[in-house]
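*Asks:* So that you have it, the file is model_23.txt, and it contains compact mmCIF, C-alpha atoms:
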```txt
# COMPACT_ATOMS: atom_id res chain seq x y z
CA MET A 16 -24.97 31.01 57.03
CA LYS A 17 -21.77 29.46 55.65
CA ARG A 18 -21.29 29.94 51.91
CA PRO A 19 -20.84 26.62 50.00
CA ARG A 20 -17.34 25.98 48.73
CA LEU A 21 -17.17 25.81 44.91
CA PRO A 22 -15.04 23.28 43.06
CA ALA A 23 -11.68 24.68 41.98
CA ARG A 24 -12.43 24.54 38.26
CA ASP A 25 -15.59 26.66 38.73
CA LEU A 26 -13.81 29.53 40.48
CA LEU A 27 -12.33 32.66 38.99
CA PRO A 28 -8.83 33.97 39.77
CA GLY A 29 -8.68 35.82 43.10
CA MET A 30 -11.41 33.73 44.75
CA GLY A 31 -8.97 31.77 46.89
CA GLU A 32 -8.44 28.78 44.58
CA GLU A 33 -6.49 28.12 41.38
CA LEU A 34 -8.59 28.25 38.23
CA ILE A 35 -6.91 25.14 36.84
CA SER A 36 -5.98 22.17 39.00
CA PRO A 37 -2.49 20.56 38.88
CA SER A 38 -3.96 17.53 37.12
CA ASP A 39 -5.36 19.80 34.39
CA TRP A 40 -1.94 21.42 33.95
CA SER A 41 -0.38 17.96 33.63
CA ARG A 42 -2.94 16.96 31.02
CA ARG A 43 -2.34 20.13 29.01
CA ALA A 44 1.42 19.71 29.21
CA ALA A 45 1.09 16.08 28.07
CA THR A 46 -1.12 17.11 25.15
CA LEU A 47 1.31 19.87 24.14
CA LEU A 48 4.38 17.61 24.24
CA GLY A 49 2.54 14.71 22.60
CA ALA A 50 1.33 16.90 19.73
CA LEU A 51 4.83 18.33 19.17
CA LEU A 52 6.28 14.83 18.98
CA ILE A 53 3.51 13.67 16.62
CA GLY A 54 4.31 16.53 14.24
CA LEU A 55 8.03 15.69 14.28
CA VAL A 56 7.51 11.95 13.88
CA ALA A 57 4.95 12.41 11.08
CA ILE A 58 7.45 14.47 9.10
CA GLY A 59 10.22 11.93 9.68
CA PHE A 60 7.90 9.09 8.66
CA ALA A 61 6.89 10.95 5.49
CA VAL A 62 10.53 11.62 4.56
CA ALA A 63 11.47 7.96 5.10
CA GLY A 64 8.50 6.81 3.00
CA ASP A 65 9.35 9.23 0.19
CA HIS A 66 12.97 8.07 0.15
CA ALA A 67 11.86 4.43 -0.01
CA THR A 68 9.50 5.19 -2.91
CA THR A 69 12.15 7.22 -4.78
CA LEU A 70 14.72 4.47 -4.38
CA PHE A 71 12.26 1.81 -5.55
CA ASP A 72 11.29 3.89 -8.59
CA ARG A 73 14.95 4.44 -9.48
CA VAL A 74 15.75 0.74 -9.26
CA THR A 75 12.68 -0.42 -11.22
CA ARG A 76 13.23 2.14 -13.98
CA ALA A 77 16.67 0.67 -14.54
CA HIS A 78 15.58 -2.93 -13.97
CA PRO A 79 11.81 -3.40 -14.53
CA TRP A 80 11.99 -7.11 -13.63
CA VAL A 81 12.56 -6.09 -9.99
CA HIS A 82 8.76 -5.57 -9.74
CA LEU A 83 8.30 -9.32 -10.16
CA VAL A 84 10.49 -10.29 -7.21
CA SER A 85 10.47 -7.36 -4.79
CA ALA A 86 6.81 -7.41 -3.80
CA PRO A 87 6.54 -11.20 -3.24
CA LEU A 88 9.77 -11.40 -1.23
CA ILE A 89 9.21 -8.27 0.82
CA PHE A 90 5.52 -9.03 1.48
CA VAL A 91 6.41 -12.48 2.80
CA ALA A 92 9.20 -11.05 4.98
CA ILE A 93 6.92 -8.32 6.36
CA VAL A 94 4.10 -10.74 7.18
CA ALA A 95 6.55 -13.14 8.85
CA ILE A 96 7.92 -10.33 11.05
CA THR A 97 4.47 -8.91 11.76
CA SER A 98 2.88 -12.22 12.77
CA ARG A 99 5.78 -13.19 15.01
CA VAL A 100 6.78 -9.99 16.78
CA ALA A 101 4.19 -7.27 16.09
CA PRO A 102 0.72 -8.68 15.26
CA ASP A 103 -0.94 -5.40 16.26
CA ALA A 104 1.00 -3.56 13.54
CA ARG A 105 -0.83 -5.28 10.66
CA GLY A 106 -3.22 -3.43 8.40
CA SER A 107 -4.14 0.23 8.37
CA GLY A 108 -3.72 1.33 11.98
CA ILE A 109 -7.00 3.19 12.22
CA PRO A 110 -9.01 0.11 13.32
CA GLN A 111 -6.51 -0.42 16.15
CA VAL A 112 -7.05 3.11 17.45
CA ILE A 113 -10.83 2.73 17.23
CA ALA A 114 -10.69 -0.56 19.14
CA ALA A 115 -8.35 0.81 21.83
CA SER A 116 -10.41 3.99 22.31
CA ARG A 117 -13.52 1.91 22.98
CA ARG A 118 -11.85 0.34 26.02
CA PRO A 119 -9.20 2.84 27.18
CA GLY A 120 -8.68 1.08 30.51
CA ASP A 121 -8.32 -2.43 29.10
CA VAL A 122 -4.77 -3.68 29.70
CA ALA A 123 -5.26 -6.38 27.04
CA LEU A 124 -5.55 -3.68 24.36
CA ARG A 125 -2.47 -1.66 25.28
CA GLY A 126 -0.39 -3.36 22.62
CA LEU A 127 -2.57 -1.80 19.90
CA VAL A 128 -1.11 1.64 20.58
CA SER A 129 2.19 0.86 22.25
CA ILE A 130 5.38 2.59 21.14
CA ARG A 131 6.81 -0.80 20.19
CA THR A 132 3.88 -1.50 17.87
CA ALA A 133 4.08 2.01 16.42
CA LEU A 134 7.78 1.71 15.61
CA PHE A 135 7.25 -1.63 13.89
CA LYS A 136 4.29 -0.12 12.04
CA ALA A 137 6.37 2.74 10.66
CA ALA A 138 9.35 0.58 9.72
CA LEU A 139 7.27 -2.10 8.03
CA THR A 140 5.18 0.45 6.11
CA VAL A 141 8.38 2.00 4.76
CA ALA A 142 9.55 -1.50 3.83
CA ALA A 143 6.24 -2.09 2.00
CA LEU A 144 6.78 1.09 -0.03
CA PHE A 145 10.31 -0.06 -0.85
CA GLY A 146 8.79 -3.32 -2.12
CA GLY A 147 6.27 -1.58 -4.36
CA GLY A 148 3.23 -2.11 -2.16
CA SER A 149 0.19 0.08 -2.77
CA VAL A 150 0.03 1.49 0.74
CA GLY A 151 -0.41 4.89 2.36
CA ARG A 152 1.24 6.53 5.35
CA GLU A 153 -1.82 8.23 6.78
CA GLY A 154 -3.45 5.26 8.56
CA PRO A 155 -0.14 4.23 10.15
CA THR A 156 0.42 7.86 11.20
CA VAL A 157 -2.91 7.75 13.06
CA GLN A 158 -1.70 4.72 15.02
CA LEU A 159 1.69 6.39 15.58
CA GLY A 160 -0.02 9.55 16.80
CA ALA A 161 -2.25 7.69 19.24
CA ALA A 162 0.70 5.67 20.57
CA ILE A 163 2.79 8.79 21.17
CA MET A 164 -0.05 10.67 22.85
CA VAL A 165 -0.89 7.74 25.12
CA GLN A 166 2.75 7.18 26.11
CA VAL A 167 3.31 10.87 26.93
CA HIS A 168 0.19 10.94 29.10
CA ARG A 169 1.42 7.89 30.96
CA LEU A 170 4.82 9.53 31.51
CA PHE A 171 3.01 12.54 33.00
CA ARG A 172 0.91 10.12 35.08
CA VAL A 173 -2.29 11.48 33.59
CA ASN A 174 -5.34 9.23 33.24
CA VAL A 175 -5.57 7.89 29.68
CA THR A 176 -9.14 8.37 28.46
CA ALA A 177 -10.73 7.77 25.07
CA GLY A 178 -10.07 11.44 24.30
CA VAL A 179 -6.31 10.86 24.47
CA TYR A 180 -6.51 8.22 21.72
CA ILE A 181 -8.79 10.45 19.66
CA ALA A 182 -6.54 13.51 20.02
CA GLY A 183 -3.43 11.55 19.07
CA GLY A 184 -5.04 9.98 16.02
CA ALA A 185 -6.51 13.28 14.85
CA ALA A 186 -3.15 15.01 15.25
CA GLY A 187 -1.65 12.25 13.10
CA VAL A 188 -4.10 12.95 10.27
CA ALA A 189 -3.47 16.69 10.50
CA ALA A 190 0.31 16.28 10.39
CA ALA A 191 0.27 13.65 7.62
CA PHE A 192 -1.89 15.67 5.20
CA ASN A 193 -1.13 19.18 6.53
CA THR A 194 -4.91 19.50 6.94
CA PRO A 195 -5.83 20.60 10.48
CA LEU A 196 -9.57 20.85 9.89
CA ALA A 197 -9.59 17.35 8.41
CA GLY A 198 -7.94 16.07 11.58
CA ILE A 199 -10.82 17.43 13.65
CA ALA A 200 -13.43 16.09 11.22
CA PHE A 201 -11.76 12.68 11.20
CA ALA A 202 -11.84 12.59 15.00
CA ILE A 203 -15.56 13.29 14.98
CA GLU A 204 -16.55 10.89 12.19
CA GLU A 205 -14.19 7.95 12.64
CA LEU A 206 -12.44 7.88 16.01
CA ALA A 207 -14.84 9.32 18.55
CA VAL A 208 -17.46 7.13 20.11
CA ALA A 209 -18.51 9.59 22.79
CA TYR A 210 -17.61 13.10 21.74
CA GLU A 211 -17.86 15.84 24.37
CA GLN A 212 -16.62 19.40 24.81
CA ARG A 213 -13.54 18.51 26.83
CA VAL A 214 -12.43 16.00 24.20
CA ALA A 215 -13.08 18.60 21.50
CA VAL A 216 -10.73 21.08 23.16
CA MET A 217 -8.01 18.43 23.52
CA VAL A 218 -8.41 17.37 19.88
CA MET A 219 -8.26 20.92 18.56
CA GLY A 220 -5.21 21.72 20.68
CA ALA A 221 -3.37 18.58 19.58
CA VAL A 222 -4.26 19.10 15.92
CA MET A 223 -3.13 22.74 15.99
CA ILE A 224 0.22 21.99 17.67
CA ALA A 225 1.03 18.93 15.52
CA GLY A 226 0.04 20.83 12.37
CA LEU A 227 2.15 23.86 13.27
CA THR A 228 5.12 21.63 14.08
CA ALA A 229 4.86 19.85 10.73
CA GLN A 230 4.44 23.15 8.88
CA GLY A 231 7.39 24.67 10.67
CA ILE A 232 9.65 21.89 9.37
CA ALA A 233 8.16 21.03 5.98
CA GLY A 234 6.76 24.47 5.15
CA ASP A 235 3.18 25.57 4.48
CA TYR A 236 2.72 23.23 1.56
CA VAL A 237 -0.51 22.10 -0.11
CA TYR A 238 -0.57 18.29 -0.19
CA PHE A 239 -1.79 17.87 -3.78
CA GLY A 240 -1.00 21.36 -5.02
CA GLN A 241 -3.36 24.28 -5.49
CA LEU A 242 -6.38 23.70 -7.70
CA SER A 243 -8.08 26.73 -9.24
CA GLY A 244 -11.19 27.30 -11.30
CA SER A 245 -14.83 26.56 -10.63
CA LEU A 246 -17.64 24.43 -11.94
CA PRO A 247 -20.88 25.95 -13.29
CA ILE A 248 -24.02 24.78 -11.55
CA VAL A 249 -25.14 22.83 -14.61
CA THR A 250 -21.93 20.80 -14.54
CA VAL A 251 -22.29 20.20 -10.79
CA LEU A 252 -25.85 18.94 -11.23
CA VAL A 253 -24.59 16.35 -13.72
CA ALA A 254 -21.13 15.49 -12.36
CA ALA A 255 -21.95 15.20 -8.64
CA PRO A 256 -24.63 12.50 -9.03
CA ILE A 257 -22.50 10.51 -11.50
CA ALA A 258 -19.35 10.72 -9.38
CA GLY A 259 -21.30 10.13 -6.17
CA LEU A 260 -23.27 7.11 -7.38
CA ALA A 261 -20.60 5.38 -9.45
CA GLY A 262 -17.64 6.40 -7.28
CA GLY A 263 -19.43 5.64 -4.02
CA ALA A 264 -20.52 2.23 -5.31
CA ALA A 265 -16.96 1.45 -6.45
CA GLY A 266 -15.59 2.54 -3.06
CA GLY A 267 -18.21 0.46 -1.29
CA LEU A 268 -17.19 -2.51 -3.45
CA PHE A 269 -13.57 -2.07 -2.35
CA ALA A 270 -14.63 -1.96 1.31
CA ARG A 271 -16.84 -5.01 0.90
CA MET A 272 -14.06 -6.99 -0.76
CA VAL A 273 -11.57 -5.99 1.97
CA LEU A 274 -13.99 -7.17 4.66
CA ALA A 275 -14.59 -10.44 2.79
CA LEU A 276 -10.83 -11.02 2.57
CA ARG A 277 -9.58 -9.64 5.91
CA GLY A 278 -12.55 -8.65 8.06
CA PRO A 279 -13.78 -10.56 11.12
CA GLY A 280 -16.15 -13.23 9.85
CA GLY A 281 -15.28 -12.45 6.23
CA ARG A 282 -16.07 -15.13 3.69
CA PHE A 283 -12.41 -15.77 2.84
CA ALA A 284 -10.74 -14.22 5.87
CA ALA A 285 -10.23 -17.39 7.91
CA ARG A 286 -8.63 -19.18 4.96
CA LEU A 287 -6.24 -16.29 4.22
CA LYS A 288 -5.31 -15.78 7.88
CA SER A 289 -4.64 -19.48 8.41
CA ARG A 290 -1.84 -19.39 5.81
CA PRO A 291 -0.39 -15.88 6.15
CA LEU A 292 2.89 -16.48 4.30
CA VAL A 293 1.20 -18.11 1.31
CA THR A 294 -1.33 -15.27 1.24
CA ALA A 295 1.47 -12.69 1.33
CA LEU A 296 3.33 -14.50 -1.47
CA VAL A 297 0.29 -14.73 -3.77
CA CYS A 298 -0.72 -11.11 -3.12
CA GLY A 299 2.88 -9.99 -3.60
CA ILE A 300 3.04 -11.76 -6.96
CA ALA A 301 -0.18 -10.00 -8.02
CA VAL A 302 1.14 -6.60 -6.90
CA GLY A 303 4.48 -7.24 -8.62
CA LEU A 304 2.81 -8.25 -11.89
CA LEU A 305 0.62 -5.15 -11.82
CA GLY A 306 3.65 -2.97 -11.15
CA PHE A 307 5.60 -4.61 -13.99
CA VAL A 308 2.76 -4.35 -16.52
CA THR A 309 1.96 -0.72 -15.61
CA SER A 310 5.63 0.36 -15.37
CA GLY A 311 5.23 1.11 -11.67
CA ALA A 312 2.04 3.18 -11.94
CA THR A 313 0.27 1.04 -9.32
CA SER A 314 3.16 0.99 -6.85
CA GLY A 315 3.48 3.20 -3.77
CA THR A 316 1.02 5.68 -2.36
CA GLY A 317 -0.15 7.06 -5.71
CA TYR A 318 0.57 10.60 -4.52
CA GLU A 319 2.57 11.71 -7.57
CA ALA A 320 0.06 10.28 -10.06
CA THR A 321 -2.80 11.98 -8.21
CA ARG A 322 -1.01 15.31 -8.13
CA ASP A 323 -0.22 15.08 -11.85
CA LEU A 324 -3.83 14.33 -12.74
CA LEU A 325 -5.14 17.22 -10.65
CA SER A 326 -2.66 19.63 -12.21
CA GLY A 327 -3.71 18.75 -15.77
CA GLY A 328 -1.42 15.83 -16.53
CA ALA A 329 -2.71 12.81 -18.37
CA SER A 330 -2.49 9.12 -17.61
CA GLU A 331 -3.94 6.00 -19.13
CA TYR A 332 -7.59 5.30 -18.45
CA TRP A 333 -6.68 1.96 -16.91
CA PHE A 334 -4.86 3.67 -14.03
CA GLY A 335 -7.87 3.78 -11.69
CA PRO A 336 -8.93 0.14 -12.10
CA ALA A 337 -5.31 -1.07 -11.96
CA LYS A 338 -4.62 0.93 -8.78
CA PHE A 339 -7.85 -0.48 -7.33
CA LEU A 340 -6.55 -4.03 -7.85
CA GLY A 341 -3.10 -3.13 -6.53
CA ALA A 342 -4.52 -1.59 -3.36
CA LEU A 343 -6.88 -4.54 -2.85
CA ALA A 344 -4.10 -7.13 -3.26
CA THR A 345 -1.81 -5.18 -0.93
CA THR A 346 -4.51 -4.89 1.73
CA ALA A 347 -5.45 -8.56 1.37
CA SER A 348 -1.84 -9.55 2.03
CA GLY A 349 -2.14 -8.37 5.64
CA ILE A 350 1.01 -6.23 5.63
CA PRO A 351 1.06 -2.95 7.59
CA GLY A 352 0.03 0.07 5.55
CA GLY A 353 -2.83 2.48 5.05
CA ILE A 354 -5.47 2.82 2.35
CA PHE A 355 -6.05 6.59 2.51
CA ALA A 356 -3.59 7.68 -0.18
CA PRO A 357 -4.18 4.68 -2.50
CA SER A 358 -7.94 5.31 -2.27
CA LEU A 359 -7.45 8.95 -3.23
CA ALA A 360 -5.31 7.80 -6.17
CA VAL A 361 -7.98 5.31 -7.29
CA GLY A 362 -10.56 8.09 -6.98
CA ALA A 363 -8.40 10.35 -9.16
CA GLY A 364 -8.18 7.61 -11.78
CA PHE A 365 -11.94 7.14 -11.59
CA GLY A 366 -12.48 10.90 -11.94
CA GLU A 367 -10.31 10.90 -15.04
CA LEU A 368 -12.73 8.44 -16.65
CA LEU A 369 -15.42 11.12 -16.31
CA THR A 370 -13.42 13.97 -17.86
CA PRO A 371 -14.36 13.22 -21.51
CA LEU A 372 -17.96 14.08 -20.58
CA PHE A 373 -17.05 17.68 -19.69
CA PRO A 374 -15.03 20.60 -21.14
CA PRO A 375 -11.22 20.16 -20.87
CA GLU A 376 -10.79 23.21 -18.61
CA GLN A 377 -12.95 21.53 -15.97
CA ALA A 378 -10.88 18.32 -15.88
CA GLY A 379 -9.05 19.05 -12.62
CA LEU A 380 -12.22 19.70 -10.63
CA ILE A 381 -14.00 16.72 -12.19
CA ILE A 382 -11.10 14.53 -11.04
CA LEU A 383 -11.37 16.11 -7.58
CA ILE A 384 -15.04 15.25 -7.17
CA GLY A 385 -14.31 11.77 -8.55
CA MET A 386 -11.84 11.42 -5.67
CA GLY A 387 -14.52 12.59 -3.26
CA GLY A 388 -17.08 10.07 -4.46
CA TYR A 389 -14.77 7.05 -4.37
CA PHE A 390 -12.97 7.95 -1.13
CA THR A 391 -16.26 8.51 0.67
CA GLY A 392 -17.53 5.15 -0.57
CA VAL A 393 -14.48 3.46 0.97
CA VAL A 394 -14.23 5.16 4.36
CA ARG A 395 -17.86 6.34 4.71
CA ALA A 396 -16.80 9.63 6.28
CA PRO A 397 -18.16 12.37 3.97
CA LEU A 398 -17.17 15.34 6.13
CA THR A 399 -13.59 14.09 6.42
CA ALA A 400 -13.43 13.45 2.67
CA VAL A 401 -14.64 16.94 1.79
CA ILE A 402 -12.32 18.73 4.20
CA ILE A 403 -9.25 16.65 3.30
CA LEU A 404 -9.74 17.25 -0.40
CA SER A 405 -10.53 20.96 -0.07
CA GLU A 406 -7.54 21.56 2.25
CA ALA A 407 -5.17 19.28 0.34
CA THR A 408 -5.85 21.18 -2.90
CA SER A 409 -6.52 24.63 -1.41
CA SER A 410 -9.84 24.63 -3.23
CA THR A 411 -12.45 25.88 -0.79
CA HIS A 412 -14.41 27.03 -3.83
CA ALA A 413 -15.13 23.35 -4.56
CA ILE A 414 -16.64 22.55 -1.16
CA LEU A 415 -20.27 22.58 -2.29
CA PRO A 416 -19.75 20.21 -5.28
CA LEU A 417 -17.63 18.01 -3.01
CA PHE A 418 -20.32 17.93 -0.34
CA ALA A 419 -22.98 16.97 -2.86
CA THR A 420 -20.76 14.22 -4.27
CA ALA A 421 -19.70 12.94 -0.85
CA LEU A 422 -23.25 12.71 0.50
CA ILE A 423 -24.39 10.77 -2.55
CA GLY A 424 -21.22 8.65 -2.39
CA ASP A 425 -21.83 7.85 1.27
CA TRP A 426 -25.33 6.62 0.43
CA ALA A 427 -24.15 4.60 -2.58
CA GLY A 428 -21.31 3.09 -0.55
CA SER A 429 -23.70 2.06 2.22
CA ILE A 430 -25.88 0.21 -0.29
CA VAL A 431 -22.93 -1.87 -1.53
CA CYS A 432 -21.27 -2.34 1.88
CA LYS A 433 -23.45 -1.83 4.93
CA ASP A 434 -20.55 -1.93 7.41
CA ARG A 435 -18.19 1.01 7.80
CA LEU A 436 -14.77 -0.34 6.89
CA TYR A 437 -12.60 0.84 9.77
CA HIS A 438 -15.21 0.12 12.43
CA ALA A 439 -15.81 -3.38 11.08
CA LEU A 440 -12.06 -4.09 10.97
CA SER A 441 -11.65 -2.77 14.53
CA ARG A 442 -13.69 -5.73 15.83
CA ASP A 443 -10.81 -7.97 14.80
CA PHE A 444 -8.66 -6.30 17.48
CA LEU A 445 -11.11 -6.62 20.37
CA PRO A 446 -10.49 -9.56 22.76
CA ALA A 447 -13.86 -11.20 22.13
CA SER A 448 -13.08 -11.58 18.41
CA ARG A 449 -9.53 -12.82 18.74
CA ASP A 450 -8.48 -16.42 18.60
CA GLY A 451 -6.47 -18.13 21.28
CA ALA A 452 -3.14 -17.82 19.51
CA GLU A 453 -3.36 -14.08 19.22
CA GLY A 454 -4.52 -13.77 22.81
CA ASP A 455 -1.56 -15.83 23.97
CA ALA A 456 0.79 -13.65 21.94
CA ARG A 457 -0.51 -10.55 23.69
CA ASP A 458 -0.22 -12.17 27.12
CA ASP A 459 3.42 -13.03 26.41
CA ARG A 460 4.15 -9.39 25.85
```
Here is the file; what I need is its structure written in the form of structure tokens.
*Replies:*
Amino acid sequence: MKRPRLPARDLLPGMGEELISPSDWSRRAATLLGALLIGLVAIGFAVAGDHATTLFDRVTRAHPWVHLVSAPLIFVAIVAITSRVAPDARGSGIPQVIAASRRPGDVALRGLVSIRTALFKAALTVAALFGGGSVGREGPTVQLGAAIMVQVHRLFRVNVTAGVYIAGGAAGVAAAFNTPLAGIAFAIEELAVAYEQRVAVMVMGAVMIAGLTAQGIAGDYVYFGQLSGSLPIVTVLVAAPIAGLAGGAAGGLFARMVLALRGPGGRFAARLKSRPLVTALVCGIAVGLLGFVTSGATSGTGYEATRDLLSGGASEYWFGPAKFLGALATTASGIPGGIFAPSLAVGAGFGELLTPLFPPEQAGLIILIGMGGYFTGVVRAPLTAVIILSEATSSTHAILPLFATALIGDWAGSIVCKDRLYHALSRDFLPASRDGAEGDARDDR
């Protein structure tokens, strides 16, 4: 009786077949090269963004009135460029990756994660930071990562599946925050629609390589600095529900307002999108006024302010609400830029409002769980929130309070805003939800 021939991937070495097929080697090589490039590009993007923020801060310290003109002018210029030459570069970048990963074979969606779109995304986000916009780099880095991973797989002539988009986006998160576990968690919670073992291996490989590449260049840094200490159980039982309920509700309010202003079918979205330059001008004026009144506290990513608060520094109690308004106005303008870092900064400001209720030595950790409650309410990804915050502050000892806060925050956020922000925004990039003008623009490309 003739023995049945086993598929190549099921055989062991020495059984007459290769263990790994040539196509598998090509896929692994593409993932390796793509992840290396993502790590390098993420570092370059971060350096460019930091230089833009530093230059803006230097100019506005010497000439505070610049706040009043920079944001309106630069917002209008960015929206004009985006709407004419790179419409898929608008907004965060994460909704684009979600939309593209849902239909990986759809030619009409290729522009969402093309290299051209990614380059415009990076350049325009840096320009937004130079104008004082309240934007983050992390969402754009997700779109950059997916674009790089997809392009490398095409160069290697490897089939581009949903897993390729997921791996690229996850590697972008890992490289942007220097948080490899958060990259994997983000892939599971936000990007993956159908998560399977083979995708998991690709994601973990891409995250590890991109993270090591970024660490090799920038060093093994902790994003927000190391946070020590611990919270007694009595404090956790009081602080976690307060931060989870109030922070999650505030984050859900932000998400609901963003969807009303920019989401598909939002109450004011059609009106704002019909006059993009006027919208950008009005939002830019609001952002500029906030920056002028707060001496620049609401401008940029909010990274420095967040780090200062976590390390024991003090800021005014209006910082959180003011940053909330700055981030909302920036997002409503439609310019490219993420909401990750600004949301963490708003959460830190919210956490600071809770610190008078607890002993001074617990302030840093109270601010941390305030960040967890608000951030979870915005993005509705509790696992990602907990891992990002614990890795970004090297505070694994705070995981349990963070988990309790994030779970409560996720529930509170869902009560205020039933739709998950990124997934709702992704519908705006699917062909069925696009208007004729945008469809024509994509066909022309």
*Asks:* Which of these, A:Gly311, A:Gly424, A:Gly335, A:Gly379, has the shortest distance to Ala255 of chain A once you count all atoms listed in the file?
*Replies:* A:Gly424
*Asks:* One decimal, Å: what's the distance from atom CA of Gly184 of chain A over to atom CA of Ala50 of chain A, could you say?
*Replies:* 10.1 Å
*Asks:* What's the 10 Å shell around segment 391-395 of chain A, counting all atoms listed in the file, without same-chain residues fewer than 5 positions away, as an MDAnalysis selection string?
*Replies:* chainID A and resid 204:205 259:271 273 354:355 358:359 362 385:386 400:401 420:438
*Asks:* Using all atoms listed in the file, which protein or nucleic acid residues come within 6 Å of segment 64-77 of chain A? Drop anything in the same chain fewer than 4 positions from it, and give the result as a count of residues only.
*Replies:* 4
*Asks:* Quick check, in Å to one decimal: how far apart do atom CA of Ala190 of chain A and atom CA of Ala86 of chain A lie?
*Replies:*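 Separating atom CA of Ala190 of chain A from atom CA of Ala86 of chain A is a distance of 28.4 Å.
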*Asks:* One decimal, Å: what's the distance from atom CA of Gly148 of chain A over to atom CA of Ala197 of chain A, could you say?
*Replies:*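 Pair atom CA of Gly148 of chain A / atom CA of Ala197 of chain A returns 25.6 Å.
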*Asks:* Using only C-alpha atoms, which residues sit within 8 Å of Ala133 of chain A once same-chain residues fewer than 4 positions away are excluded, as a count of residues only?
*Replies:* 8
*Asks:* Give me, as a PDB file with C-alpha atoms, in the frame of the given file, all polymer residues having an atom no more than 8 Å from segment 336-345 of chain A, counting all atoms listed in the file and skipping those fewer than 5 positions away in the same chain.
*Replies:*
```pdb
ATOM      1  CA  GLY A 148       3.230  -2.110  -2.160  1.00  0.00           C
ATOM      2  CA  SER A 149       0.190   0.080  -2.770  1.00  0.00           C
ATOM      3  CA  VAL A 150       0.030   1.490   0.740  1.00  0.00           C
ATOM      4  CA  PHE A 269     -13.570  -2.070  -2.350  1.00  0.00           C
ATOM      5  CA  MET A 272     -14.060  -6.990  -0.760  1.00  0.00           C
ATOM      6  CA  VAL A 273     -11.570  -5.990   1.970  1.00  0.00           C
ATOM      7  CA  CYS A 298      -0.720 -11.110  -3.120  1.00  0.00           C
ATOM      8  CA  GLY A 299       2.880  -9.990  -3.600  1.00  0.00           C
ATOM      9  CA  ALA A 301      -0.180 -10.000  -8.020  1.00  0.00           C
ATOM     10  CA  VAL A 302       1.140  -6.600  -6.900  1.00  0.00           C
ATOM     11  CA  LEU A 305       0.620  -5.150 -11.820  1.00  0.00           C
ATOM     12  CA  ALA A 312       2.040   3.180 -11.940  1.00  0.00           C
ATOM     13  CA  THR A 313       0.270   1.040  -9.320  1.00  0.00           C
ATOM     14  CA  SER A 314       3.160   0.990  -6.850  1.00  0.00           C
ATOM     15  CA  ILE A 350       1.010  -6.230   5.630  1.00  0.00           C
ATOM     16  CA  ILE A 354      -5.470   2.820   2.350  1.00  0.00           C
ATOM     17  CA  PRO A 357      -4.180   4.680  -2.500  1.00  0.00           C
ATOM     18  CA  SER A 358      -7.940   5.310  -2.270  1.00  0.00           C
ATOM     19  CA  ALA A 360      -5.310   7.800  -6.170  1.00  0.00           C
ATOM     20  CA  VAL A 361      -7.980   5.310  -7.290  1.00  0.00           C
ATOM     21  CA  GLY A 364      -8.180   7.610 -11.780  1.00  0.00           C
ATOM     22  CA  PHE A 365     -11.940   7.140 -11.590  1.00  0.00           C
TER      23      PHE A 365
END
```
*Asks:* Which one is closest to Ala186 of chain A: A:Gly54, A:Gly278, A:Pro87, A:Pro102? Count only C-alpha atoms.
*Replies:*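 Looking only at the distances to Ala186 of chain A, the closest residue turns out to be A:Gly54.
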*Asks:* From the list A:Ala356, A:Leu380, A:Leu246, A:Val84, which residue is nearest Gly306 of chain A when using all atoms listed in the file?
*Replies:*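 Selected residue with least distance to Gly306 of chain A: A:Val84.
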*Asks:* Which one of A:Ile414, A:Leu48, A:Thr316, A:Val179 sits closest to Gly120 of chain A if you count only C-alpha atoms?
*Replies:* A:Val179
